[in-house]
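Undergrad: My structure is stored as query_34.txt, with compact mmCIF, C-alpha atoms.
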```
# COMPACT_ATOMS: atom_id res chain seq x y z
CA MET A 1 25.06 -72.20 -33.18
CA ASP A 2 28.78 -72.68 -32.66
CA GLN A 3 30.48 -71.44 -35.83
CA ARG A 4 33.88 -73.14 -35.57
CA LEU A 5 33.00 -76.23 -37.63
CA ILE A 6 30.99 -74.14 -40.08
CA ASN A 7 33.98 -71.89 -40.69
CA LEU A 8 36.28 -74.87 -41.23
CA LEU A 9 33.90 -76.46 -43.73
CA LYS A 10 33.55 -73.20 -45.63
CA THR A 11 37.32 -72.79 -45.81
CA GLN A 12 38.00 -76.35 -46.96
CA CYS A 13 35.03 -77.05 -49.20
CA GLU A 14 33.95 -73.82 -50.83
CA LYS A 15 36.28 -74.08 -53.84
CA ALA A 16 36.94 -77.83 -53.70
CA LYS A 17 35.41 -80.71 -55.61
CA VAL A 18 33.67 -82.51 -52.74
CA CYS A 19 32.41 -86.08 -52.77
CA ILE A 20 30.38 -87.94 -50.16
CA TRP A 21 31.29 -91.62 -50.27
CA GLY A 22 28.44 -93.65 -48.82
CA MET A 23 24.94 -92.25 -48.45
CA GLY A 24 23.82 -94.00 -45.27
CA LYS A 25 22.90 -92.22 -42.05
CA GLU A 26 26.19 -90.35 -41.71
CA GLY A 27 26.47 -89.64 -45.42
CA MET A 28 23.03 -88.04 -45.45
CA SER A 29 23.96 -86.04 -42.37
CA THR A 30 27.04 -84.74 -44.18
CA TYR A 31 24.96 -83.89 -47.24
CA ARG A 32 22.43 -81.93 -45.18
CA LEU A 33 25.09 -79.80 -43.51
CA LEU A 34 27.04 -79.16 -46.71
CA ARG A 35 23.86 -78.30 -48.58
CA SER A 36 22.87 -75.83 -45.84
CA LEU A 37 26.23 -74.09 -46.33
CA PHE A 38 26.46 -74.34 -50.12
CA ALA A 39 22.94 -74.16 -51.53
CA ASP A 40 23.93 -74.19 -55.20
CA LYS A 41 27.22 -76.08 -55.10
CA ILE A 42 27.47 -79.31 -57.08
CA LEU A 43 28.23 -82.14 -54.66
CA TYR A 44 29.46 -85.50 -55.89
CA VAL A 45 28.27 -88.75 -54.34
CA ALA A 46 29.51 -92.33 -54.60
CA ASP A 47 27.20 -95.13 -53.53
CA GLU A 48 26.18 -98.59 -54.69
CA LYS A 49 22.54 -97.51 -54.89
CA PRO A 50 21.14 -94.76 -57.14
CA VAL A 51 21.12 -91.38 -55.39
CA GLU A 52 18.77 -88.58 -56.38
CA LEU A 53 19.49 -85.42 -54.45
CA GLU A 54 19.43 -81.76 -55.40
CA ASN A 55 22.55 -80.48 -57.19
CA THR A 56 24.41 -83.79 -56.95
CA ILE A 57 26.25 -85.88 -59.51
CA GLN A 58 26.73 -89.59 -58.80
CA ILE A 59 30.13 -90.95 -59.79
CA PRO A 60 31.69 -94.43 -59.88
CA LEU A 61 34.51 -95.31 -57.46
CA LEU A 62 37.03 -95.00 -60.28
CA GLU A 63 36.40 -91.24 -60.32
CA LEU A 64 37.07 -90.71 -56.61
CA LYS A 65 40.63 -89.76 -57.50
CA THR A 66 39.29 -86.71 -59.32
CA CYS A 67 37.84 -85.27 -56.10
CA ASP A 68 39.70 -82.90 -53.79
CA ILE A 69 37.89 -83.90 -50.58
CA ILE A 70 36.14 -87.23 -49.98
CA PHE A 71 33.87 -87.58 -46.96
CA LYS A 72 33.99 -91.34 -46.29
CA SER A 73 31.16 -92.92 -44.35
CA PRO A 74 32.28 -95.27 -41.54
CA GLY A 75 30.78 -98.49 -42.91
CA ILE A 76 32.79 -98.44 -46.14
CA PRO A 77 36.05 -100.45 -46.15
CA VAL A 78 39.07 -99.02 -47.94
CA LEU A 79 40.74 -102.15 -49.30
CA ASP A 80 41.38 -100.91 -52.85
CA GLU A 81 44.90 -99.44 -52.94
CA THR A 82 43.96 -97.13 -55.82
CA ILE A 83 41.73 -95.08 -53.48
CA PRO A 84 43.43 -91.70 -52.79
CA THR A 85 43.52 -91.98 -48.99
CA ASP A 86 45.26 -88.60 -48.67
CA HIS A 87 42.01 -87.03 -49.94
CA LEU A 88 39.84 -88.86 -47.41
CA THR A 89 38.21 -87.14 -44.48
CA SER A 90 35.13 -87.82 -42.38
CA GLN A 91 32.78 -86.30 -39.87
CA SER A 92 34.90 -87.58 -36.99
CA ASP A 93 38.10 -86.23 -38.57
CA LEU A 94 36.84 -82.65 -38.89
CA PHE A 95 34.81 -82.78 -35.68
CA LEU A 96 37.84 -83.72 -33.58
CA GLN A 97 39.94 -81.03 -35.25
CA VAL A 98 37.42 -78.45 -34.04
CA TYR A 99 36.02 -79.89 -30.80
CA GLY A 100 38.75 -82.27 -29.65
CA ARG A 101 39.52 -80.12 -26.59
CA GLN A 102 35.92 -80.63 -25.42
CA THR A 103 35.61 -84.31 -26.31
CA ILE A 104 35.93 -87.61 -24.47
CA ALA A 105 36.35 -90.31 -27.13
CA ILE A 106 35.62 -93.91 -26.15
CA THR A 107 36.46 -96.88 -28.34
CA GLY A 108 36.80 -100.62 -27.90
CA THR A 109 35.51 -103.70 -29.64
CA LYS A 110 32.95 -104.18 -26.89
CA GLY A 111 31.49 -102.03 -24.14
CA LYS A 112 31.88 -98.63 -25.76
CA SER A 113 28.13 -97.93 -26.06
CA THR A 114 27.47 -98.71 -22.41
CA THR A 115 30.56 -96.83 -21.24
CA ALA A 116 29.82 -93.75 -23.35
CA SER A 117 26.16 -93.74 -22.35
CA LEU A 118 27.02 -94.11 -18.65
CA LEU A 119 29.58 -91.30 -18.85
CA ALA A 120 27.10 -88.98 -20.56
CA HIS A 121 24.50 -89.87 -17.92
CA GLU A 122 26.93 -89.19 -15.06
CA LEU A 123 28.05 -85.85 -16.48
CA SER A 124 24.57 -84.56 -17.28
CA SER A 125 23.20 -85.82 -13.93
CA ASN A 126 25.93 -83.84 -12.18
CA GLY A 127 25.21 -80.58 -13.96
CA PHE A 128 27.57 -80.62 -16.94
CA ASP A 129 26.32 -79.56 -20.37
CA THR A 130 26.81 -82.83 -22.27
CA VAL A 131 25.99 -84.32 -25.66
CA LEU A 132 26.43 -87.95 -26.72
CA VAL A 133 27.38 -88.63 -30.34
CA GLY A 134 28.98 -91.09 -32.71
CA ASN A 135 28.68 -94.79 -33.29
CA ILE A 136 25.81 -94.98 -30.80
CA GLY A 137 23.55 -93.55 -33.50
CA THR A 138 23.85 -89.75 -33.70
CA PRO A 139 26.19 -88.39 -36.39
CA CYS A 140 28.37 -85.71 -34.82
CA PHE A 141 27.46 -83.14 -37.50
CA ASP A 142 23.85 -83.37 -36.28
CA VAL A 143 24.61 -81.87 -32.85
CA ILE A 144 26.68 -78.80 -33.68
CA ASP A 145 23.71 -76.53 -32.94
CA GLN A 146 23.76 -77.91 -29.36
CA ILE A 147 27.44 -77.19 -28.75
CA THR A 148 28.82 -74.16 -26.97
CA PRO A 149 32.38 -73.60 -25.69
CA LYS A 150 31.16 -75.02 -22.33
CA THR A 151 29.70 -78.23 -23.78
CA PHE A 152 31.36 -81.59 -23.17
CA ILE A 153 31.03 -84.13 -25.96
CA VAL A 154 31.05 -87.86 -25.26
CA PHE A 155 31.97 -89.54 -28.55
CA GLU A 156 31.45 -93.29 -28.89
CA ILE A 157 33.90 -93.83 -31.72
CA SER A 158 34.51 -96.95 -33.79
CA ALA A 159 37.65 -98.12 -35.56
CA HIS A 160 35.98 -97.13 -38.83
CA GLN A 161 35.52 -93.56 -37.55
CA LEU A 162 39.09 -93.45 -36.24
CA GLN A 163 40.77 -94.81 -39.36
CA PHE A 164 41.51 -91.52 -41.14
CA ILE A 165 41.52 -88.93 -38.34
CA HIS A 166 44.26 -86.34 -37.80
CA ASP A 167 43.49 -85.26 -34.24
CA SER A 168 42.53 -86.90 -30.96
CA ALA A 169 40.22 -86.00 -28.09
CA ILE A 170 41.50 -84.48 -24.86
CA ILE A 171 40.40 -87.69 -23.11
CA GLY A 172 40.75 -90.94 -25.06
CA VAL A 173 39.76 -94.44 -23.95
CA CYS A 174 40.40 -97.87 -25.46
CA LEU A 175 38.41 -100.44 -23.49
CA ASN A 176 39.59 -103.56 -25.32
CA ILE A 177 40.44 -104.93 -28.76
CA TYR A 178 39.14 -108.29 -29.98
CA GLU A 179 38.93 -109.92 -33.41
CA GLU A 180 36.03 -108.32 -35.26
CA HIS A 181 35.34 -106.54 -38.55
CA LEU A 182 38.00 -108.69 -40.21
CA ASP A 183 36.17 -108.17 -43.51
CA HIS A 184 36.69 -104.41 -43.23
CA TYR A 185 40.50 -104.37 -42.90
CA HIS A 186 43.46 -106.09 -44.48
CA ASP A 187 44.16 -107.84 -41.19
CA PHE A 188 43.53 -107.70 -37.45
CA ASP A 189 46.63 -105.57 -36.89
CA GLU A 190 45.28 -102.82 -39.14
CA TYR A 191 41.99 -102.86 -37.23
CA ALA A 192 43.83 -102.56 -33.90
CA LYS A 193 46.00 -99.71 -35.17
CA CYS A 194 42.86 -97.80 -36.12
CA LYS A 195 41.61 -98.21 -32.56
CA ALA A 196 44.92 -96.84 -31.29
CA ASN A 197 44.29 -93.59 -33.18
CA VAL A 198 41.95 -92.66 -30.32
CA VAL A 199 44.99 -91.27 -28.46
CA LYS A 200 47.62 -91.08 -31.22
CA TYR A 201 47.42 -87.31 -31.65
CA GLN A 202 46.95 -86.35 -28.01
CA LYS A 203 48.98 -83.64 -26.33
CA GLU A 204 51.35 -84.38 -23.47
CA ASN A 205 48.94 -83.62 -20.62
CA ASP A 206 45.84 -85.20 -22.17
CA LEU A 207 44.28 -88.23 -20.51
CA ALA A 208 44.66 -91.65 -22.16
CA ILE A 209 43.14 -94.79 -20.63
CA VAL A 210 44.10 -98.01 -22.42
CA ASN A 211 43.47 -101.67 -21.65
CA GLN A 212 46.63 -103.49 -20.69
CA GLN A 213 46.18 -106.08 -23.45
CA CYS A 214 46.07 -103.37 -26.13
CA LEU A 215 49.28 -101.48 -25.34
CA LYS A 216 51.35 -103.14 -28.08
CA TRP A 217 49.39 -101.21 -30.72
CA PHE A 218 49.93 -97.82 -29.11
CA ASP A 219 52.83 -95.58 -30.15
CA HIS A 220 53.33 -93.99 -26.71
CA PRO A 221 52.30 -96.54 -24.06
CA ASP A 222 54.07 -94.58 -21.30
CA HIS A 223 51.50 -91.82 -21.83
CA CYS A 224 48.65 -94.20 -20.93
CA ILE A 225 46.86 -95.02 -17.71
CA ILE A 226 46.60 -98.80 -17.89
CA SER A 227 43.33 -100.57 -17.17
CA SER A 228 42.52 -104.22 -16.58
CA MET A 229 39.59 -106.34 -15.45
CA ASP A 230 41.74 -108.63 -13.35
CA ASP A 231 45.34 -107.47 -12.88
CA PRO A 232 45.80 -105.73 -9.51
CA LYS A 233 49.08 -104.28 -10.78
CA ALA A 234 47.22 -102.18 -13.40
CA ASP A 235 46.45 -98.52 -12.74
CA ILE A 236 42.74 -99.28 -12.97
CA TYR A 237 41.32 -102.66 -11.98
CA VAL A 238 38.16 -104.14 -10.49
CA ARG A 239 37.17 -107.05 -8.25
CA GLU A 240 34.11 -109.29 -8.16
CA ASP A 241 33.02 -107.74 -4.85
CA GLY A 242 32.46 -104.35 -6.53
CA PHE A 243 35.78 -102.76 -5.63
CA ILE A 244 37.21 -100.25 -8.12
CA HIS A 245 40.84 -99.12 -7.92
CA THR A 246 42.13 -96.09 -9.81
CA PRO A 247 45.27 -93.94 -9.48
CA PHE A 248 43.06 -91.11 -8.22
CA GLY A 249 40.96 -92.92 -5.62
CA ASN A 250 39.04 -96.11 -4.89
CA LEU A 251 35.34 -96.91 -4.76
CA TYR A 252 32.99 -99.73 -3.76
CA VAL A 253 29.97 -100.17 -6.02
CA ASN A 254 27.23 -101.96 -4.08
CA GLN A 255 24.21 -101.04 -6.18
CA THR A 256 24.31 -100.91 -9.97
CA PRO A 257 21.86 -101.73 -12.75
CA LEU A 258 24.73 -103.17 -14.82
CA LYS A 259 25.44 -106.89 -14.56
CA GLY A 260 28.83 -108.58 -14.73
CA ILE A 261 32.47 -107.88 -13.98
CA HIS A 262 32.92 -106.49 -17.50
CA ASN A 263 30.36 -103.79 -16.74
CA LEU A 264 32.07 -103.03 -13.44
CA TYR A 265 35.20 -102.49 -15.54
CA ASN A 266 33.27 -100.10 -17.79
CA THR A 267 32.00 -98.33 -14.67
CA ALA A 268 35.58 -98.03 -13.38
CA ILE A 269 36.61 -96.22 -16.57
CA VAL A 270 33.70 -93.79 -16.18
CA TYR A 271 34.47 -93.28 -12.49
CA THR A 272 38.12 -92.50 -13.29
CA ILE A 273 37.11 -89.80 -15.75
CA CYS A 274 34.40 -88.34 -13.53
CA HIS A 275 36.57 -88.31 -10.41
CA HIS A 276 39.80 -87.10 -11.98
CA ALA A 277 38.71 -84.79 -14.80
CA PHE A 278 35.39 -83.47 -13.45
CA ASN A 279 35.84 -83.67 -9.64
CA ILE A 280 32.53 -85.46 -9.19
CA LYS A 281 32.11 -86.65 -5.60
CA ASP A 282 31.84 -90.38 -4.95
CA SER A 283 28.38 -90.00 -3.40
CA ASP A 284 27.13 -88.06 -6.44
CA PHE A 285 28.66 -90.63 -8.80
CA LEU A 286 26.95 -93.54 -7.01
CA TYR A 287 23.62 -91.70 -6.84
CA ALA A 288 23.61 -91.11 -10.62
CA LEU A 289 24.75 -94.69 -11.27
CA LYS A 290 21.61 -96.08 -9.63
CA SER A 291 19.37 -94.23 -12.11
CA PHE A 292 21.23 -95.30 -15.25
CA GLN A 293 19.10 -97.33 -17.64
CA PRO A 294 21.09 -100.16 -19.29
CA LEU A 295 20.99 -100.18 -23.08
CA PRO A 296 18.78 -102.70 -24.90
CA HIS A 297 20.20 -106.06 -26.10
CA ARG A 298 22.98 -106.04 -23.50
CA LEU A 299 22.16 -108.74 -20.93
CA GLN A 300 18.61 -107.40 -21.05
CA TYR A 301 15.97 -109.32 -19.15
CA ILE A 302 13.12 -109.95 -21.59
CA GLY A 303 10.67 -111.64 -19.22
CA SER A 304 9.41 -114.98 -17.98
CA TYR A 305 7.02 -116.92 -20.17
CA ASN A 306 5.53 -120.24 -19.02
CA GLY A 307 8.11 -120.28 -16.26
CA ILE A 308 11.11 -119.84 -18.60
CA SER A 309 13.25 -116.70 -18.20
CA TYR A 310 14.82 -115.06 -21.26
CA TYR A 311 17.85 -112.74 -21.52
CA ASP A 312 18.82 -110.85 -24.67
CA ASP A 313 22.55 -110.27 -25.21
CA SER A 314 22.31 -109.86 -28.98
CA ILE A 315 25.05 -107.19 -28.88
CA SER A 316 27.49 -110.06 -28.29
CA THR A 317 29.37 -110.46 -31.58
CA VAL A 318 32.70 -111.85 -30.33
CA PRO A 319 33.55 -114.90 -28.17
CA GLN A 320 34.79 -112.83 -25.23
CA THR A 321 31.41 -111.16 -24.70
CA THR A 322 29.59 -114.50 -24.57
CA ILE A 323 32.07 -115.68 -21.95
CA ALA A 324 31.44 -112.48 -19.98
CA ALA A 325 27.67 -112.95 -20.30
CA LEU A 326 27.87 -116.46 -18.83
CA ASP A 327 29.89 -115.08 -15.93
CA ALA A 328 27.36 -112.31 -15.38
CA LEU A 329 24.35 -114.68 -15.47
CA PRO A 330 25.55 -117.82 -13.64
CA ASN A 331 22.01 -119.26 -13.46
CA THR A 332 21.86 -119.64 -17.25
CA ASN A 333 21.25 -123.24 -18.29
CA ILE A 334 20.31 -122.78 -21.96
CA LEU A 335 22.64 -120.86 -24.28
CA LEU A 336 22.06 -119.72 -27.88
CA VAL A 337 25.23 -119.14 -29.93
CA GLY A 338 25.92 -118.48 -33.60
CA GLY A 339 25.55 -116.03 -36.44
CA MET A 340 27.48 -114.79 -39.44
CA ASP A 341 30.87 -116.53 -39.70
CA ARG A 342 33.63 -113.94 -40.09
CA GLY A 343 36.50 -116.30 -39.39
CA VAL A 344 36.93 -115.27 -35.76
CA ASP A 345 38.95 -117.61 -33.52
CA TYR A 346 36.43 -119.34 -31.24
CA THR A 347 38.99 -121.33 -29.24
CA PRO A 348 38.50 -119.37 -25.96
CA LEU A 349 34.72 -119.81 -26.13
CA ILE A 350 34.95 -123.49 -27.08
CA ARG A 351 37.03 -124.18 -23.97
CA VAL A 352 34.37 -122.51 -21.83
CA LEU A 353 31.48 -124.31 -23.54
CA GLU A 354 33.12 -127.70 -23.06
CA GLU A 355 33.27 -127.15 -19.29
CA ALA A 356 30.18 -124.98 -18.79
CA ASP A 357 27.53 -126.17 -16.35
CA LEU A 358 24.71 -125.84 -18.89
CA LYS A 359 21.81 -128.10 -19.73
CA ARG A 360 21.71 -127.32 -23.44
CA ILE A 361 23.68 -125.33 -26.00
CA TYR A 362 22.00 -124.38 -29.26
CA LEU A 363 24.34 -123.62 -32.18
CA MET A 364 23.00 -121.91 -35.29
CA TYR A 365 23.97 -120.22 -38.58
CA GLY A 366 27.48 -120.25 -40.08
CA SER A 367 29.58 -119.70 -36.98
CA GLY A 368 27.44 -122.17 -35.05
CA LYS A 369 28.27 -124.85 -37.58
CA ARG A 370 31.99 -124.13 -37.28
CA ILE A 371 31.86 -124.21 -33.48
CA ALA A 372 29.99 -127.53 -33.64
CA GLN A 373 32.81 -129.00 -35.74
CA GLN A 374 35.44 -127.88 -33.22
CA LEU A 375 33.67 -128.78 -29.98
CA GLY A 376 34.89 -131.75 -28.02
CA ASN A 377 32.92 -133.47 -25.28
CA CYS A 378 30.55 -131.14 -23.44
CA LYS A 379 28.72 -131.47 -20.17
CA ALA A 380 25.74 -129.90 -21.94
CA GLU A 381 23.58 -131.34 -24.72
CA VAL A 382 24.62 -129.65 -27.98
CA LEU A 383 22.07 -129.09 -30.73
CA LEU A 384 22.94 -127.67 -34.15
CA MET A 385 19.96 -125.96 -35.76
CA ASP A 386 19.40 -123.82 -38.84
CA ASP A 387 18.20 -120.55 -37.38
CA LEU A 388 16.79 -118.64 -34.41
CA LEU A 389 13.21 -119.53 -35.30
CA SER A 390 13.97 -123.27 -35.15
CA VAL A 391 15.84 -122.87 -31.86
CA MET A 392 13.04 -120.96 -30.19
CA ALA A 393 10.44 -123.46 -31.39
CA HIS A 394 12.51 -126.25 -29.81
CA ILE A 395 12.82 -124.33 -26.53
CA LYS A 396 9.07 -123.72 -26.45
CA ARG A 397 8.46 -127.42 -26.90
CA PHE A 398 11.08 -128.89 -24.56
CA GLY A 399 11.82 -126.11 -22.07
CA ILE A 400 10.67 -126.52 -18.48
CA VAL A 401 9.78 -124.22 -15.61
CA GLY A 402 12.96 -122.72 -14.15
CA ASP A 403 15.01 -122.70 -17.35
CA VAL A 404 17.08 -119.56 -17.98
CA VAL A 405 17.66 -118.88 -21.68
CA LEU A 406 20.47 -116.59 -22.83
CA LEU A 407 20.92 -115.36 -26.40
CA SER A 408 24.60 -114.39 -26.64
CA PRO A 409 25.59 -115.24 -30.22
CA ALA A 410 29.33 -114.42 -30.24
CA ALA A 411 28.85 -113.51 -33.90
CA SER A 412 27.58 -110.83 -36.22
CA SER A 413 23.92 -110.83 -37.24
CA TYR A 414 24.25 -109.73 -40.86
CA ASP A 415 23.69 -113.13 -42.47
CA ALA A 416 20.09 -113.25 -41.27
CA PHE A 417 19.17 -109.87 -39.77
CA LYS A 418 19.58 -106.18 -40.51
CA ASN A 419 21.60 -105.71 -37.33
CA PHE A 420 21.96 -107.02 -33.78
CA GLU A 421 19.00 -104.89 -32.67
CA GLN A 422 16.66 -106.67 -35.06
CA ARG A 423 18.05 -110.04 -33.96
CA GLY A 424 17.31 -109.16 -30.33
CA ASP A 425 13.84 -107.89 -31.17
CA VAL A 426 13.02 -111.13 -33.01
CA PHE A 427 14.30 -113.15 -30.05
CA ALA A 428 12.10 -111.16 -27.66
CA ALA A 429 9.05 -111.53 -29.89
CA LEU A 430 9.58 -115.29 -30.18
CA ALA A 431 10.05 -115.57 -26.43
CA ALA A 432 6.72 -113.86 -25.78
CA HIS A 433 4.88 -115.78 -28.46
CA GLU A 434 2.61 -118.52 -27.10
```
Would you write the structure of this file as structure tokens?
TA:
Amino acid sequence: MDQRLINLLKTQCEKAKVCIWGMGKEGMSTYRLLRSLFADKILYVADEKPVELENTIQIPLLELKTCDIIFKSPGIPVLDETIPTDHLTSQSDLFLQVYGRQTIAITGTKGKSTTASLLAHELSSNGFDTVLVGNIGTPCFDVIDQITPKTFIVFEISAHQLQFIHDSAIIGVCLNIYEEHLDHYHDFDEYAKCKANVVKYQKENDLAIVNQQCLKWFDHPDHCIISSMDDPKADIYVREDGFIHTPFGNLYVNQTPLKGIHNLYNTAIVYTICHHAFNIKDSDFLYALKSFQPLPHRLQYIGSYNGISYYDDSISTVPQTTIAALDALPNTNILLVGGMDRGVDYTPLIRVLEEADLKRIYLMYGSGKRIAQQLGNCKAEVLLMDDLLSVMAHIKRFGIVGDVVLLSPAASSYDAFKNFEQRGDVFAALAAHE
């Protein structure tokens, strides 16, 4: 096991009053590692639910200020100004301090899971010792026994994980920034600034790739390689015909399992890193690309039932991703939109829906109701329904052979489902149900 992180934790935590704030997946991961290092140490925990763990004392939030080090879990917003933010740290904070020189950190409101997964696939397929961690589901503390000085770490990192870091990865990527998680921050600008931390602490010769539309939030935009989905003046851009331009070389992608121009953009980011930083040959890059398995709930083909085809894009939680999904699947004629209403501006999507060549648009849940109120005349029939179950029952009754149904909600799932994965699973089960 690599001892660098262990040594840092021992130095910082051995004599400190340590609290773990939030006992979800990452919080439990932090507890396990700290407990393995300090078998008898009293650890403090703060969580809404009762916590019963060995040698722990649960404290209310008011007592956080009495702690020397607070490991904050990513899902917890810090909106209370009495919270001692100078005492906050996190897995990502300490991990980047130790392994930042071996890490490629990828953030963005959308596309970061696919991009990080594709990069990890390309690197491992081409012989590099690689681990994939972060927001994709594996807490970074859980992989330290797999890391050696020769390991490359692909870190899918969220704004929540970036909020209180003090170091950046040697390669940092910001794919895009859209309105999301507005309930987690004081405003959209704070959310965007957290994203910008992905390269804030980089050294002069580190690699930063940042979407053109995001540059205003970055302290040193001249340090960045600028990416765009459509601007041929950008350092990195793509075309509908599969052409990828980068400052280090160009590529045509003719065969890929990833649908849509937005995924070609994600592929361009991965290609830039692989070509420039790892000297992977174009032929080897394309060969590995063919074997990549797209992640579930991202324009995933569910199947054809009674002649109706179903696609699951439940990961879509902002308007821009639904627009991209419609571009990627031009044969779609039935669209399902709506979920938890977080106050996101739906104007761009409404413009598209009003002109879209669709047969029917189903709107549901809180955001669906708001979109329905704002929609003008549509070419498509618009139906406002209560929930996904009602929508799918209607499709089963009135759908015809040849229909193509796309679930791309443009909204969070938390008002009715545990997460977007459960929403997609329910959609798939209802699609298959006779």
Undergrad: Distance atom CA of Leu64 of chain A-atom CA of Ile83 of chain A, one decimal place?
TA: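 The value is 7.1 Å.
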Undergrad: Could you tell me how far atom CA of Ala429 of chain A lies from atom CA of Ile400 of chain A, in Å and to one decimal?
TA: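 It comes out at 18.9 Å.
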Undergrad: Against segment 43-61 of chain A, which residues of segment 67-139 of chain A fall within 12 Å? For each one I want the closest pair of atoms and the distance in Å (one decimal), counting all atoms listed in the file, rows by chain and increasing residue number, as a Markdown table.
TA:
```
| residue | atom | partner | partner_atom | distance |
| --- | --- | --- | --- | --- |
| A:Cys67 | CA | A:Tyr44 | CA | 8.4 |
| A:Asp68 | CA | A:Tyr44 | CA | 10.8 |
| A:Ile69 | CA | A:Tyr44 | CA | 10.1 |
| A:Ile70 | CA | A:Tyr44 | CA | 9.1 |
| A:Phe71 | CA | A:Val45 | CA | 9.3 |
| A:Lys72 | CA | A:Ala46 | CA | 9.5 |
| A:Ser73 | CA | A:Asp47 | CA | 10.2 |
| A:Gly75 | CA | A:Asp47 | CA | 11.7 |
| A:Ile76 | CA | A:Asp47 | CA | 9.8 |
| A:Val78 | CA | A:Leu61 | CA | 11.2 |
| A:Asp80 | CA | A:Leu61 | CA | 10.0 |
| A:Thr82 | CA | A:Leu61 | CA | 9.8 |
| A:Ile83 | CA | A:Leu61 | CA | 8.2 |
| A:Pro84 | CA | A:Leu61 | CA | 10.7 |
```
Undergrad: What's around segment 125-139 of chain A at 10 Å? Count all atoms listed in the file, leave out sequence neighbours fewer than 5 positions away in its own chain, and write the answer as JSON, numbers by chain.
TA: {"A": [25, 26, 27, 28, 29, 30, 74, 91, 92, 102, 103, 104, 105, 106, 107, 112, 113, 114, 116, 117, 119, 120, 144, 146, 147, 148, 150, 151, 152, 153, 154, 155, 156, 157, 158, 159, 160, 161, 274, 278, 280, 281, 284, 285, 287, 288, 289, 291, 292]}
Undergrad: Please provide the set of residues having any atom within 7 Å of segment 234-247 of chain A, restricted to all atoms listed in the file, with same-chain residues fewer than 3 positions apart removed, written as a count of residues only.
TA: 17
Undergrad: Do you know which residues are at most 12 Å from Arg423 of chain A counting all atoms listed in the file, after dropping those on the same chain fewer than 4 positions away, and could you put them as an mmCIF file with C-alpha atoms, in the frame of the given file?
TA:
```
data_model
loop_
_atom_site.group_PDB
_atom_site.id
_atom_site.type_symbol
_atom_site.label_atom_id
_atom_site.label_comp_id
_atom_site.auth_asym_id
_atom_site.auth_seq_id
_atom_site.Cartn_x
_atom_site.Cartn_y
_atom_site.Cartn_z
ATOM 1 C CA PRO A 296 18.780 -102.700 -24.900
ATOM 2 C CA HIS A 297 20.200 -106.060 -26.100
ATOM 3 C CA ASP A 312 18.820 -110.850 -24.670
ATOM 4 C CA ASP A 313 22.550 -110.270 -25.210
ATOM 5 C CA SER A 314 22.310 -109.860 -28.980
ATOM 6 C CA ILE A 315 25.050 -107.190 -28.880
ATOM 7 C CA SER A 316 27.490 -110.060 -28.290
ATOM 8 C CA THR A 317 29.370 -110.460 -31.580
ATOM 9 C CA GLY A 338 25.920 -118.480 -33.600
ATOM 10 C CA GLY A 339 25.550 -116.030 -36.440
ATOM 11 C CA MET A 340 27.480 -114.790 -39.440
ATOM 12 C CA ASP A 387 18.200 -120.550 -37.380
ATOM 13 C CA LEU A 388 16.790 -118.640 -34.410
ATOM 14 C CA LEU A 389 13.210 -119.530 -35.300
ATOM 15 C CA LEU A 407 20.920 -115.360 -26.400
ATOM 16 C CA SER A 408 24.600 -114.390 -26.640
ATOM 17 C CA PRO A 409 25.590 -115.240 -30.220
ATOM 18 C CA ALA A 411 28.850 -113.510 -33.900
ATOM 19 C CA SER A 412 27.580 -110.830 -36.220
ATOM 20 C CA SER A 413 23.920 -110.830 -37.240
ATOM 21 C CA TYR A 414 24.250 -109.730 -40.860
ATOM 22 C CA ASP A 415 23.690 -113.130 -42.470
ATOM 23 C CA ALA A 416 20.090 -113.250 -41.270
ATOM 24 C CA PHE A 417 19.170 -109.870 -39.770
ATOM 25 C CA LYS A 418 19.580 -106.180 -40.510
ATOM 26 C CA ASN A 419 21.600 -105.710 -37.330
ATOM 27 C CA PHE A 427 14.300 -113.150 -30.050
ATOM 28 C CA ALA A 428 12.100 -111.160 -27.660
ATOM 29 C CA ALA A 429 9.050 -111.530 -29.890
ATOM 30 C CA LEU A 430 9.580 -115.290 -30.180
#
```
Undergrad: Enclose segment 294-304 of chain A, meaning all of its atoms listed in the file, in a box aligned along x, y and z, pad it by 3 Å on each side, and list the centre and edge lengths in Å to one decimal, as JSON.
TA:
```
{"center_x": 16.2, "center_y": -107.6, "center_z": -22.0, "size_x": 19.6, "size_y": 20.8, "size_z": 14.1}
```
Undergrad: Counting only C-alpha atoms, which residues sit no farther than 12 Å from the position (29.7, -115.2, -12.7) in the file's frame? I'd like them as a ChimeraX atom specification.
TA: /A:239-241,259-262,322-332,356-357
Undergrad: Just C-alpha atoms for this one: save the residues we selected as a CSV table (one decimal), keeping the file's coordinate frame.
TA:
```
chain,number,residue,atom,x,y,z
A,239,ARG,CA,37.2,-107.0,-8.2
A,240,GLU,CA,34.1,-109.3,-8.2
A,241,ASP,CA,33.0,-107.7,-4.8
A,259,LYS,CA,25.4,-106.9,-14.6
A,260,GLY,CA,28.8,-108.6,-14.7
A,261,ILE,CA,32.5,-107.9,-14.0
A,262,HIS,CA,32.9,-106.5,-17.5
A,322,THR,CA,29.6,-114.5,-24.6
A,323,ILE,CA,32.1,-115.7,-22.0
A,324,ALA,CA,31.4,-112.5,-20.0
A,325,ALA,CA,27.7,-113.0,-20.3
A,326,LEU,CA,27.9,-116.5,-18.8
A,327,ASP,CA,29.9,-115.1,-15.9
A,328,ALA,CA,27.4,-112.3,-15.4
A,329,LEU,CA,24.4,-114.7,-15.5
A,330,PRO,CA,25.6,-117.8,-13.6
A,331,ASN,CA,22.0,-119.3,-13.5
A,332,THR,CA,21.9,-119.6,-17.2
A,356,ALA,CA,30.2,-125.0,-18.8
A,357,ASP,CA,27.5,-126.2,-16.4
```
